[in-house]
Structures are given as structure tokens and as C-alpha cells.
$ cat data.txt   # compact mmCIF, C-alpha atoms
# COMPACT_ATOMS: atom_id res chain seq x y z
CA MET A 1 277.47 247.07 120.09
CA CYS A 2 277.37 243.29 119.84
CA SER A 3 273.61 243.31 120.27
CA ILE A 4 273.21 245.79 117.44
CA LEU A 5 275.29 243.62 115.12
CA THR A 6 273.27 240.56 116.13
CA TRP A 7 269.95 242.22 115.32
CA THR A 8 271.33 243.52 112.03
CA CYS A 9 272.42 240.05 110.95
CA PHE A 10 269.10 238.60 111.98
CA LEU A 11 267.14 241.13 109.95
CA LEU A 12 269.38 240.56 106.92
CA TRP A 13 268.83 236.81 107.22
CA ILE A 14 265.07 237.30 107.32
CA GLY A 15 265.26 239.57 104.28
CA PHE A 16 267.21 237.04 102.25
CA SER A 17 264.85 234.27 103.37
CA LEU A 18 261.81 236.23 102.23
CA GLN A 19 263.44 236.84 98.86
CA ASP A 20 264.18 233.18 98.30
CA LYS A 21 260.86 231.76 99.49
CA THR A 22 257.30 232.82 98.77
CA PRO A 23 254.14 231.85 100.67
CA ASP A 24 252.24 228.76 99.60
CA VAL A 25 249.72 229.33 96.82
CA THR A 26 246.47 227.42 96.35
CA VAL A 27 245.21 227.07 92.80
CA THR A 28 241.82 225.66 91.80
CA CYS A 29 241.43 224.34 88.26
CA PHE A 30 238.54 222.81 86.37
CA VAL A 31 238.56 219.43 84.70
CA SER A 32 239.63 219.43 81.03
CA GLU A 33 240.73 223.06 81.14
CA GLU A 34 244.18 224.70 81.23
CA CYS A 35 245.72 225.13 84.63
CA PHE A 36 248.49 227.58 85.62
CA LEU A 37 250.84 226.87 88.54
CA PRO A 38 252.64 230.17 89.28
CA CYS A 39 256.34 230.46 90.06
CA SER A 40 258.20 233.79 90.04
CA PHE A 41 261.90 234.38 90.77
CA GLN A 42 264.74 236.84 90.23
CA PRO A 43 266.33 236.03 86.83
CA GLY A 44 270.08 235.44 86.86
CA GLY A 45 270.98 233.50 83.71
CA GLU A 46 271.40 229.82 82.96
CA GLU A 47 268.17 228.99 84.70
CA THR A 48 267.26 225.45 85.58
CA VAL A 49 263.58 224.97 86.45
CA GLU A 50 262.36 221.87 88.20
CA TRP A 51 258.82 221.06 89.22
CA PHE A 52 258.27 218.45 91.91
CA ARG A 53 255.13 216.66 92.97
CA GLN A 54 255.33 214.97 96.37
CA ASP A 55 259.16 215.38 96.12
CA VAL A 56 259.31 213.60 92.75
CA VAL A 57 260.52 215.53 89.69
CA VAL A 58 257.72 215.66 87.11
CA TYR A 59 259.07 218.40 84.83
CA LYS A 60 262.50 219.94 84.15
CA PHE A 61 263.64 222.85 81.99
CA GLU A 62 267.26 224.00 81.40
CA ARG A 63 268.85 226.99 79.71
CA SER A 64 272.47 226.63 78.56
CA ASP A 65 273.23 230.08 77.12
CA ASP A 66 274.63 232.84 79.31
CA ASP A 67 273.10 235.57 77.14
CA ASP A 68 269.52 235.89 78.31
CA ASP A 69 268.47 238.04 75.36
CA SER A 70 270.16 236.03 72.61
CA ASP A 71 267.86 234.43 70.08
CA SER A 72 270.37 231.62 69.63
CA SER A 73 270.13 230.53 73.23
CA SER A 74 269.35 226.85 73.54
CA SER A 75 267.11 225.14 76.07
CA LYS A 76 266.17 221.65 77.05
CA GLU A 77 262.77 220.44 78.24
CA HIS A 78 262.19 217.16 80.01
CA VAL A 79 258.86 215.72 81.15
CA GLU A 80 259.86 213.30 83.84
CA HIS A 81 256.39 211.81 84.46
CA ASP A 82 254.26 209.97 81.91
CA GLN A 83 251.11 211.43 83.42
CA LEU A 84 252.15 214.93 82.30
CA ALA A 85 253.55 213.90 78.89
CA GLY A 86 252.37 216.30 76.21
CA ARG A 87 250.44 218.41 78.74
CA ALA A 88 253.04 220.29 80.84
CA SER A 89 255.33 223.12 79.71
CA VAL A 90 256.90 226.47 80.64
CA SER A 91 257.55 229.39 78.34
CA PRO A 92 261.28 229.85 77.64
CA HIS A 93 260.72 233.49 76.83
CA LEU A 94 259.05 234.06 80.22
CA VAL A 95 261.74 232.12 82.09
CA THR A 96 264.31 234.70 81.03
CA ARG A 97 262.11 237.30 82.74
CA GLY A 98 261.75 235.38 85.97
CA ASN A 99 258.48 233.53 85.30
CA ALA A 100 258.59 229.73 85.53
CA THR A 101 254.84 229.20 85.61
CA LEU A 102 253.91 225.62 84.71
CA VAL A 103 251.08 225.33 82.18
CA LEU A 104 249.08 222.15 82.61
CA ARG A 105 246.70 221.39 79.75
CA ARG A 106 243.61 219.17 79.91
CA SER A 107 243.78 218.93 83.67
CA SER A 108 242.20 215.94 85.39
CA LEU A 109 241.43 214.81 88.91
CA LYS A 110 244.69 212.83 88.95
CA ASP A 111 246.65 216.10 88.80
CA ARG A 112 245.58 217.13 92.28
CA GLY A 113 248.28 217.48 94.91
CA THR A 114 251.14 219.64 96.21
CA TYR A 115 253.69 220.91 93.68
CA ARG A 116 257.04 222.58 94.36
CA CYS A 117 258.87 224.87 91.99
CA HIS A 118 262.69 224.98 92.33
CA VAL A 119 264.72 227.41 90.18
CA HIS A 120 268.52 227.52 90.09
CA THR A 121 270.30 230.51 88.51
CA LYS A 122 273.79 232.02 88.56
CA ARG A 123 272.66 234.34 91.34
CA GLY A 124 270.99 231.76 93.57
CA GLU A 125 268.01 229.53 94.07
CA HIS A 126 264.29 230.00 94.52
CA THR A 127 261.58 227.69 95.85
CA ALA A 128 257.77 228.04 95.75
CA LYS A 129 255.00 225.67 96.74
CA VAL A 130 251.65 225.36 94.95
CA ILE A 131 248.66 223.38 96.17
CA LEU A 132 246.56 222.28 93.20
CA LYS A 133 242.86 221.50 93.49
CA VAL A 134 240.93 220.17 90.51
CA GLU A 135 237.18 220.34 90.44
CA ALA A 136 234.34 219.62 88.04
CA PRO A 137 231.72 222.33 88.60
CA ILE A 138 228.04 221.95 87.87
CA GLN A 139 227.40 222.71 84.22
CA GLY A 140 223.67 222.07 84.19
CA LEU A 141 220.77 220.84 86.30
CA PHE A 142 217.93 218.84 84.74
CA LEU A 143 214.49 218.44 86.33
CA GLU A 144 211.70 216.45 84.69
CA LEU A 145 208.54 214.46 85.44
CA SER A 146 209.06 210.71 85.11
CA ARG A 147 206.56 207.84 85.06
CA LEU A 148 209.01 204.98 84.52
CA SER A 149 208.58 203.69 88.07
CA GLY A 150 204.85 203.14 87.62
CA TYR A 151 203.92 206.40 89.35
CA GLU A 152 204.66 210.09 88.83
CA GLU A 153 207.91 211.34 90.33
CA MET A 154 210.20 214.33 89.92
CA LYS A 155 213.68 213.42 88.68
CA CYS A 156 216.61 215.79 89.32
CA THR A 157 219.89 214.95 87.56
CA VAL A 158 223.45 216.35 87.65
CA ARG A 159 226.27 214.86 85.58
CA ASP A 160 230.10 214.94 85.65
CA VAL A 161 230.55 216.73 88.96
CA PHE A 162 233.39 216.64 91.50
CA PRO A 163 233.32 216.59 94.44
CA ALA A 164 229.96 214.92 95.07
CA PRO A 165 227.29 217.60 95.57
CA ARG A 166 224.42 217.79 98.03
CA VAL A 167 220.80 217.65 96.83
CA THR A 168 217.82 219.10 98.74
CA TRP A 169 214.11 219.30 97.84
CA ALA A 170 211.37 221.78 98.65
CA THR A 171 207.89 222.74 97.44
CA GLU A 172 206.09 226.01 96.94
CA PRO A 173 203.83 226.60 98.66
CA PRO A 174 205.43 224.61 101.49
CA THR A 175 203.71 221.37 102.48
CA PHE A 176 203.41 219.73 105.87
CA GLU A 177 204.16 216.31 104.41
CA ASP A 178 207.66 214.87 104.77
CA LEU A 179 209.61 214.89 101.51
CA ARG A 180 211.46 211.61 101.15
CA PRO A 181 213.63 211.73 98.04
CA VAL A 182 215.85 208.86 96.94
CA THR A 183 219.30 210.11 95.86
CA ARG A 184 221.93 207.98 94.13
CA MET A 185 225.53 208.99 93.35
CA GLN A 186 227.83 207.07 91.03
CA ALA A 187 231.42 207.86 89.99
CA ASP A 188 232.81 206.98 86.57
CA LYS A 189 236.36 205.94 85.66
CA LYS A 190 237.53 209.55 85.75
CA GLY A 191 236.15 210.02 89.26
CA LEU A 192 233.31 212.30 88.16
CA TYR A 193 229.94 211.90 89.84
CA THR A 194 226.50 211.53 88.32
CA VAL A 195 223.73 212.35 90.78
CA ASP A 196 220.16 211.09 90.37
CA SER A 197 217.62 212.27 92.94
CA ARG A 198 213.93 211.34 92.73
CA LEU A 199 210.91 212.56 94.66
CA LYS A 200 207.46 211.00 94.38
CA LYS A 201 204.70 213.50 93.61
CA LEU A 202 202.42 214.26 96.51
CA THR A 203 198.82 213.14 96.03
CA GLY A 204 195.95 215.58 96.31
CA GLN A 205 198.15 218.62 95.63
CA PRO A 206 198.30 219.01 91.85
CA ASP A 207 199.39 222.67 91.73
CA LEU A 208 202.66 222.39 93.69
CA ILE A 209 206.00 223.69 92.48
CA TYR A 210 208.76 221.11 93.08
CA ILE A 211 212.18 222.67 93.73
CA CYS A 212 215.51 220.81 93.46
CA LYS A 213 218.61 222.57 94.83
CA VAL A 214 222.19 221.33 94.39
CA THR A 215 225.13 222.73 96.37
CA THR A 216 228.84 221.88 96.30
CA SER A 217 231.35 221.54 99.10
CA TYR A 218 233.92 223.85 97.49
CA GLY A 219 231.67 226.89 97.86
CA GLY A 220 230.64 227.30 94.25
CA PRO A 221 227.27 228.73 93.23
CA ALA A 222 224.17 226.76 94.15
CA TRP A 223 222.04 225.55 91.26
CA THR A 224 218.26 225.47 91.48
CA ALA A 225 215.64 223.99 89.17
CA SER A 226 211.87 223.90 89.71
CA LEU A 227 208.94 222.47 87.80
CA ARG A 228 205.15 222.62 87.74
CA GLU A 229 202.83 220.80 85.33
CA ARG A 230 199.13 221.32 84.67
CA GLU A 231 196.37 220.55 82.15
CA ILE A 232 194.16 223.26 80.64
CA ARG A 233 191.11 223.03 78.36
CA GLY A 234 189.79 225.75 76.11
CA SER A 235 187.34 226.29 73.25
CA GLN A 236 188.13 227.19 69.69
CA GLY A 237 187.73 230.90 69.02
CA ARG A 238 187.62 231.85 72.71
CA ASP A 239 190.59 233.65 74.30
CA LEU A 240 192.43 231.58 76.87
CA THR A 241 194.92 232.60 79.58
CA ILE A 242 197.77 230.15 80.24
CA PRO A 243 199.11 230.91 83.74
CA CYS A 244 202.80 230.98 84.68
CA SER A 245 204.16 232.32 87.98
CA ALA A 246 207.78 232.50 89.11
CA PRO A 247 208.65 231.05 92.54
CA THR A 248 209.86 233.36 95.28
CA TYR A 249 213.53 232.35 95.02
CA LEU A 250 213.77 234.11 91.63
CA SER A 251 214.21 237.88 91.46
CA ASN A 252 213.63 239.79 88.21
CA PRO A 253 214.20 236.80 85.91
CA SER A 254 214.02 236.64 82.14
CA LEU A 255 211.10 234.84 80.51
CA ARG A 256 210.71 232.59 77.50
CA TRP A 257 207.64 230.82 76.07
CA SER A 258 207.77 227.92 73.61
CA PHE A 259 205.31 225.47 72.08
CA SER A 260 205.44 221.79 71.15
CA ASN A 261 202.86 219.51 69.55
CA GLY A 262 204.95 216.35 69.55
CA GLU A 263 208.00 217.85 67.83
CA ASP A 264 210.92 219.93 69.09
CA PRO A 265 209.74 223.06 70.94
CA SER A 266 209.45 226.18 68.79
CA PRO A 267 209.77 229.69 70.29
CA ILE A 268 206.68 231.79 70.93
CA LEU A 269 208.14 234.86 72.60
CA SER A 270 210.89 236.01 74.95
CA TYR A 271 211.10 238.77 77.55
CA ASP A 272 214.36 240.47 78.57
CA SER A 273 214.31 241.55 82.21
CA ARG A 274 217.07 244.13 81.64
CA SER A 275 215.42 245.99 78.77
CA GLY A 276 211.82 245.21 79.69
CA HIS A 277 210.96 244.34 76.08
CA SER A 278 209.40 241.22 74.66
CA VAL A 279 209.83 239.78 71.17
CA SER A 280 207.43 237.25 69.64
CA SER A 281 207.78 234.98 66.65
CA PRO A 282 206.00 236.23 63.50
CA SER A 283 203.70 233.18 63.36
CA TRP A 284 202.43 233.96 66.88
CA ASP A 285 202.05 237.75 66.62
CA ASP A 286 198.27 237.65 66.16
CA HIS A 287 197.61 234.93 68.72
CA VAL A 288 199.59 235.77 71.89
CA GLU A 289 199.76 238.69 74.27
CA LEU A 290 201.99 239.26 77.33
CA ASP A 291 201.57 241.87 80.03
CA GLY A 292 205.15 243.16 80.32
CA PHE A 293 204.35 245.24 83.40
CA ARG A 294 203.54 242.11 85.43
CA VAL A 295 206.55 240.01 84.44
CA PRO A 296 209.00 241.76 86.87
CA PHE A 297 206.59 240.78 89.65
CA GLY A 298 206.74 237.11 88.67
CA ASP A 299 203.58 236.87 86.55
CA GLY A 300 204.39 235.65 83.05
CA SER A 301 200.90 234.46 82.10
CA LEU A 302 200.28 234.25 78.36
CA ARG A 303 197.01 235.22 76.71
CA LEU A 304 196.14 233.00 73.74
CA MET A 305 193.79 234.81 71.36
CA ASP A 306 191.44 233.17 68.85
CA PRO A 307 192.93 229.68 69.30
CA LYS A 308 192.41 226.95 66.72
CA HIS A 309 191.92 223.30 67.61
CA SER A 310 194.43 221.92 65.10
CA GLU A 311 197.04 224.65 65.45
CA HIS A 312 197.14 225.53 69.15
CA SER A 313 196.51 222.26 71.00
CA GLY A 314 199.76 221.05 72.53
CA SER A 315 202.33 221.69 75.24
CA TYR A 316 203.12 225.28 76.23
CA ILE A 317 206.43 225.71 78.08
CA CYS A 318 207.12 228.76 80.24
CA GLU A 319 210.68 229.28 81.55
CA PHE A 320 211.84 231.86 84.09
CA SER A 321 215.64 231.92 84.09
CA MET A 322 218.55 233.47 85.96
CA PRO A 323 222.22 232.44 86.22
CA HIS A 324 222.25 228.98 87.85
CA SER A 325 218.44 228.97 88.26
CA LEU A 326 215.59 227.81 86.03
CA HIS A 327 211.85 227.51 86.70
CA THR A 328 209.72 225.63 84.16
CA GLU A 329 205.95 225.33 83.85
CA ARG A 330 204.47 222.94 81.30
CA SER A 331 200.80 223.36 80.44
CA GLN A 332 199.14 220.70 78.29
CA VAL A 333 196.47 222.72 76.48
CA THR A 334 193.57 221.09 74.64
CA ILE A 335 191.46 223.33 72.41
CA ALA A 336 188.03 221.76 71.92
CA GLY A 337 185.91 222.05 68.74
CA GLY A 338 184.41 225.32 67.52
CA GLU A 339 181.72 227.40 69.19
CA ARG A 340 179.11 226.21 66.68
CA SER A 341 179.45 222.56 67.57
CA THR A 342 179.43 223.46 71.23
CA ALA A 343 176.19 225.43 70.81
CA GLU A 344 174.63 222.57 68.88
CA ASP A 345 175.57 220.15 71.62
CA GLN A 346 174.02 222.47 74.19
CA SER A 347 170.80 222.78 72.12
CA HIS A 348 170.58 219.01 71.83
CA TRP A 349 170.87 218.72 75.57
CA TRP A 350 168.09 221.28 75.98
CA ILE A 351 165.81 219.29 73.66
CA VAL A 352 166.46 216.10 75.57
CA ALA A 353 165.78 217.88 78.85
CA VAL A 354 162.46 219.30 77.59
CA VAL A 355 161.33 215.87 76.35
CA VAL A 356 162.21 214.24 79.65
CA VAL A 357 160.33 216.91 81.63
CA GLY A 358 157.28 216.52 79.35
CA LEU A 359 157.23 212.76 79.83
CA VAL A 360 157.47 213.16 83.60
CA LEU A 361 154.59 215.64 83.66
CA ALA A 362 152.41 213.38 81.45
CA LEU A 363 153.08 210.43 83.69
CA VAL A 364 152.16 212.44 86.80
CA GLY A 365 148.92 213.64 85.13
CA MET A 366 147.95 210.10 84.14
CA LEU A 367 148.52 208.80 87.64
CA ALA A 368 146.39 211.61 89.10
CA TYR A 369 143.53 210.90 86.63
CA LEU A 370 143.52 207.19 87.40
CA LYS A 371 143.43 207.91 91.08
CA LEU A 372 140.41 210.24 90.77
CA ARG A 373 138.53 207.79 88.56
CA GLY A 374 139.04 205.01 91.04
CA ARG A 375 137.52 207.09 93.77
CA SER A 376 134.34 207.91 91.72
CA SER A 377 133.63 204.22 90.84
CA LYS A 378 133.90 202.96 94.38
CA PRO A 379 130.53 201.18 95.68
CA ARG A 380 128.49 202.97 98.34
CA ASN A 381 127.45 200.97 101.43
CA ASP A 382 125.37 203.65 103.23
CA PRO A 383 122.07 201.97 104.65
CA ASP A 384 119.98 205.14 104.30
CA GLU A 385 120.81 205.43 100.63
CA ILE A 386 119.87 201.75 100.09
CA THR A 387 116.44 202.14 101.83
CA GLU A 388 115.63 205.25 99.81
CA LEU A 389 116.49 203.46 96.62
CA HIS A 390 114.12 200.55 97.43
CA SER A 391 111.23 202.98 98.20
CA VAL A 392 111.58 204.59 94.80
CA LYS A 393 111.51 201.22 93.07
CA ASP A 394 108.31 200.10 94.96
CA ALA A 395 106.48 203.30 94.05
CA ALA A 396 107.29 202.82 90.40
CA ALA A 397 105.97 199.25 90.49
CA ASP A 398 102.60 200.25 92.05
CA SER A 399 102.12 202.93 89.44
CA ASN A 400 102.53 200.45 86.64
CA LEU A 401 100.07 198.04 88.27
CA ASN A 402 97.30 200.65 88.53
CA GLU A 403 97.70 201.67 84.94
CA SER A 404 97.30 198.10 83.69
CA SER A 405 94.20 197.17 85.82
CA PRO A 406 90.64 197.20 84.11
CA PHE A 407 89.12 198.71 87.19
CA ALA A 408 91.22 201.75 87.05
CA VAL A 409 89.33 205.05 86.90
CA GLY A 410 89.48 206.76 83.52
CA GLY A 411 90.41 203.51 81.79
CA THR A 412 91.41 203.19 78.21
CA ASN A 413 89.16 202.28 75.19
CA GLY A 414 87.81 198.81 74.47
CA GLN A 415 90.87 197.82 72.37
CA SER A 416 93.06 198.45 75.25
CA ASN A 417 90.79 196.49 77.53
CA LEU A 418 90.69 193.62 75.09
CA GLN A 419 94.39 193.55 74.82
CA THR A 420 94.76 193.69 78.54
CA GLY A 421 92.20 190.93 79.11
CA THR A 422 93.84 188.68 76.59
CA ARG A 423 97.14 189.09 78.25
CA LEU A 424 95.60 188.34 81.64
CA THR A 425 93.80 185.15 80.48

$ encode --input "data.txt" --output "C-alpha cells"
Amino acid sequence: MCSILTWTCFLLWIGFSLQDKTPDVTVTCFVSEECFLPCSFQPGGEETVEWFRQDVVVYKFERSDDDDDSDSSSSKEHVEHDQLAGRASVSPHLVTRGNATLVLRRSSLKDRGTYRCHVHTKRGEHTAKVILKVEAPIQGLFLELSRLSGYEEMKCTVRDVFPAPRVTWATEPPTFEDLRPVTRMQADKKGLYTVDSRLKKLTGQPDLIYICKVTTSYGGPAWTASLREREIRGSQGRDLTIPCSAPTYLSNPSLRWSFSNGEDPSPILSYDSRSGHSVSSPSWDDHVELDGFRVPFGDGSLRLMDPKHSEHSGSYICEFSMPHSLHTERSQVTIAGGERSTAEDQSHWWIVAVVVVGLVLALVGMLAYLKLRGRSSKPRNDPDEITELHSVKDAAADSNLNESSPFAVGGTNGQSNLQTGTRLT
């Protein structure tokens, strides 16, 4: 019998203890936003609510009227800590219903800590403990190509974050070279971190995608940004395809194209991954084309039709986006002069080539002619030919001598003889 009474008392004590005390609650709030520290109790009239932080009263609320439903009931509110002045409050209307939740406006990192709610009523007391965590989540991730250091480097930036995040780099396709980024973290007066991570571009690999990933220690979503830049040349009047491919970490993203020629980017077209439809700006309707069937597979290449040098030379920006992820490809497109000038330039080159070939052939022909002429004028030193030549000359001389002699048979008339004799005397 005694044992039964003992167990009954023990169970009743546990029941009353559970009614008076609730388990600890952990609340996570964001910087500059409203924060709610819950505290529920059994209402009993003439409530006095006190909030403690590290056993120091920071807020106090009192009700002095016994009638809980009376509109004339009076209450007193005291903010006992300057840090919470003008930012902390409870709702008197909710207190009458057993809700002493503390509303903390414009929360900051200094509000972190362990809070205790203590409520005293006519019927008893209630205590609850709340552990408050204040964080500054990632609101945006910025990735750009910088040349301020004297060389090209990728710059990944996150601002106003708490706690300090972790930054990692990767490339697609993967490279065997070690990636050695330089990451700097700096906290401001409010305790918020600005993270600046830089990675030097790898030489000899111009078509790489550089991926910056930022994760937080409190288990929030990871943010990812990636970038690829290229240069493309085209000709006026000739269709040109501007490539854009999504990296593998993106699945069924949305797509947006924009254009800039030194001013703020203007939209070209957008593609909604949920509906599968694309919408282009009226000024680009006749000049761009997108294959919507290939976009879900990561191919967002844009076909530029009948481009003009003055209108379509500039920077084309392709963006694949998902929540917390953004892939950007910037293509610097240069549209050269028209087809006519290109054809004229080609014809000029053909004329120059024909002239050069003609000069080379003429020079070769002249050298061959001079070589053959030199061979034909070369003196002959053959002894047989020299002997034969002398024999011919001697025979000719004898013939002349016989014809001029007066004793020759069948001589000429007397005049001839006289002339001959005169010449002989």
C-alpha cells in the first residue's frame, strides 16, 4: 500500500513538472529581420512576464487587472536592457491567452545567446528556455573576370555573411593542374564577413568553365557560380551560331540571353524551363533563333541571323539559372565588314598571287635561256676540228693563186692579163 502511494506521488510530481517546464527551443533568425522567441503557458490572470538573458532581466511585462477580458485592463512594459530598447515587445492581447512570445525586431549578431522566459500568474509559474542563433545567409554570389592584378584571374565575392563561409573552386572539364586560389575574409563592425576568393586563369586552356562554390557551416543551401568567356568573329550578312552550354551541376535550368555594346545589357530572349517556351524582344525577333528542344539538355546556343556590323558587334551574355546557382557565358562577338568588301579583298589577293607567279615563271625562263646561250657560245678545243679547218683554208688559197696566174690554162682576155701584170710589177 505504501509503495502504491509512493509511485502515485512520484507520477503526480512528474506531471506537474512537465506542465511547468517545457523543453529547450532553438531558434535561428536572420540579421535585420524580425525574430520570435516562443513562450507558452497556462493563463491565470495578473500575469507578469520576464525575459532573461544569461540570468539578467532584459524585458518585463506586467498586467494589473484581474479581469482578463476587460478592455480597461492596464499593463506595464519595461525594457531593462538598452540593447533591446525599441526592438523588444510582447502582445498584451496574446498574453491573456497564454502566449508570452518575445518579438525582437531588427535582430543583430549581438542578440545571440540563451534566453529564459519566466511567467508568474495567480495559478502558478512557468519557465521556458530559448537558444537564439542569428545568422546572415548568402544573398548573392558574384563571379567575374578581373585583370587588375596584371593578369587574368577569376574573382568570386560574397558579402555580409555570418558565419564565415567556405569557398572551393573547380573547372569543367576537370584539369590535372592544381588550383591555387587566394581567399581573403574580412569582418566589418557588425561582425559580417566579406569573402574575396581569386583564382588565376590557367594558360593554354581557353575554353574552361571556372566554378566557384560557397558553403556555410550552419547547413544552409550551397551557392554556385560559374563563368566562361570567349571571342567569336563573324561576317556581315552571314548567319552565326553563338555557343552556350550549361555545366553538369545544373539540371533543367532557365535560360536568358542579353546583349551589351558598352552600355547596360538589354534583353534578347528568355526561356522558361517549366513551360518550355521562349520569349524574345521585338527588336531581335528577325535576328535570333533558339532551339527550344535542346535547352533542357543544356544547349542554349543562339543563332544570329543576318548580322550587321554596327548593330550586332558586342558582348552576348548567356545565363543558365536555378535557385542558388548561376552559370554565365560571355561571348565577345565581332562582325566584320560586308560580303562585298570581303570578296573584293579576296579578288585583290588573287590578282597579287597571279602577278607573283607570273614574275617567278618569267625569271625562271630567263635564267634557262641565258644558260642555253652560254653553252652554245663556248669555244671548241677539239684537235681534229682545228686540222680540218686549216685544210679548208689552204685549199681556198691555192684556188685563188691559180686563177690569178698568167700561165693558167683558159686564161682571161688581154685586159685581164694587163691588169694582172701591172699589179705584179

$ atom_distance --input "data.txt" --atom1 "atom CA of A:Thr168" --atom2 "atom CA of A:Val27"
29.1 Å

$ atom_distance --input "data.txt" --atom1 "atom CA of A:Gln236" --atom2 "atom CA of A:Trp257"
20.8 Å

$ atom_distance --input "data.txt" --atom1 "atom CA of A:Val25" --atom2 "atom CA of A:Arg116"
10.3 Å

$ residues_near_point --input "data.txt" --point "(196.5, 233.9, 66.6)" --cutoff "6 Å" --atoms "all atoms listed in the file" --output "ChimeraX atom specification"
/A:284,286-287,305-306

$ closest_residue --input "data.txt" --among "A:Val119, A:Leu208, A:Leu102, A:Leu255" --to "A:Thr48" --atoms "only C-alpha atoms"
A:Val119

$ residues_around --input "data.txt" --residues "stretch 183-194 of chain A" --least-positions-apart "3" --cutoff "12 Å" --atoms "all atoms listed in the file" --output "number ranges by chain"
A: 30-32, 107-111, 134-142, 154-169, 180, 197-200, 212, 214, 216

$ closest_residue --input "data.txt" --among "A:Val49, A:Cys318, A:Leu304, A:Ile242" --to "A:Ser254" --atoms "only C-alpha atoms"
A:Cys318

$ closest_residue --input "data.txt" --among "A:Glu319, A:Glu231, A:Glu33, A:Glu47" --to "A:Asn99" --atoms "only C-alpha atoms"
A:Glu47

$ closest_residue --input "data.txt" --among "A:Leu250, A:Ile211, A:Leu143, A:Ile232" --to "A:Val195" --atoms "only C-alpha atoms"
A:Leu143

$ closest_residue --input "data.txt" --among "A:Val103, A:Cys244, A:Leu132, A:Val357" --to "A:Ser331" --atoms "all atoms listed in the file"
A:Cys244

$ closest_residue --input "data.txt" --among "A:Val354, A:Val58, A:Leu269, A:Leu145" --to "A:Tyr210" --atoms "only C-alpha atoms"
A:Leu145

$ residues_around --input "data.txt" --residues "A:Leu290" --least-positions-apart "3" --cutoff "9 Å" --atoms "only C-alpha atoms" --output "MDAnalysis selection string"
chainID A and resid 269 278 293:295 300:303

$ residues_around --input "data.txt" --residues "stretch 88-97 of chain A" --least-positions-apart "6" --cutoff "7 Å" --atoms "all atoms listed in the file" --output "short mmCIF file (atom, residue, chain, number, x, y, z; two decimals) with C-alpha atoms, keeping the file's coordinate frame"
data_model
loop_
_atom_site.label_atom_id
_atom_site.label_comp_id
_atom_site.auth_asym_id
_atom_site.auth_seq_id
_atom_site.Cartn_x
_atom_site.Cartn_y
_atom_site.Cartn_z
CA PRO A 43 266.33 236.03 86.83
CA ASP A 68 269.52 235.89 78.31
CA VAL A 103 251.08 225.33 82.18
CA LEU A 104 249.08 222.15 82.61
CA ARG A 105 246.70 221.39 79.75
#
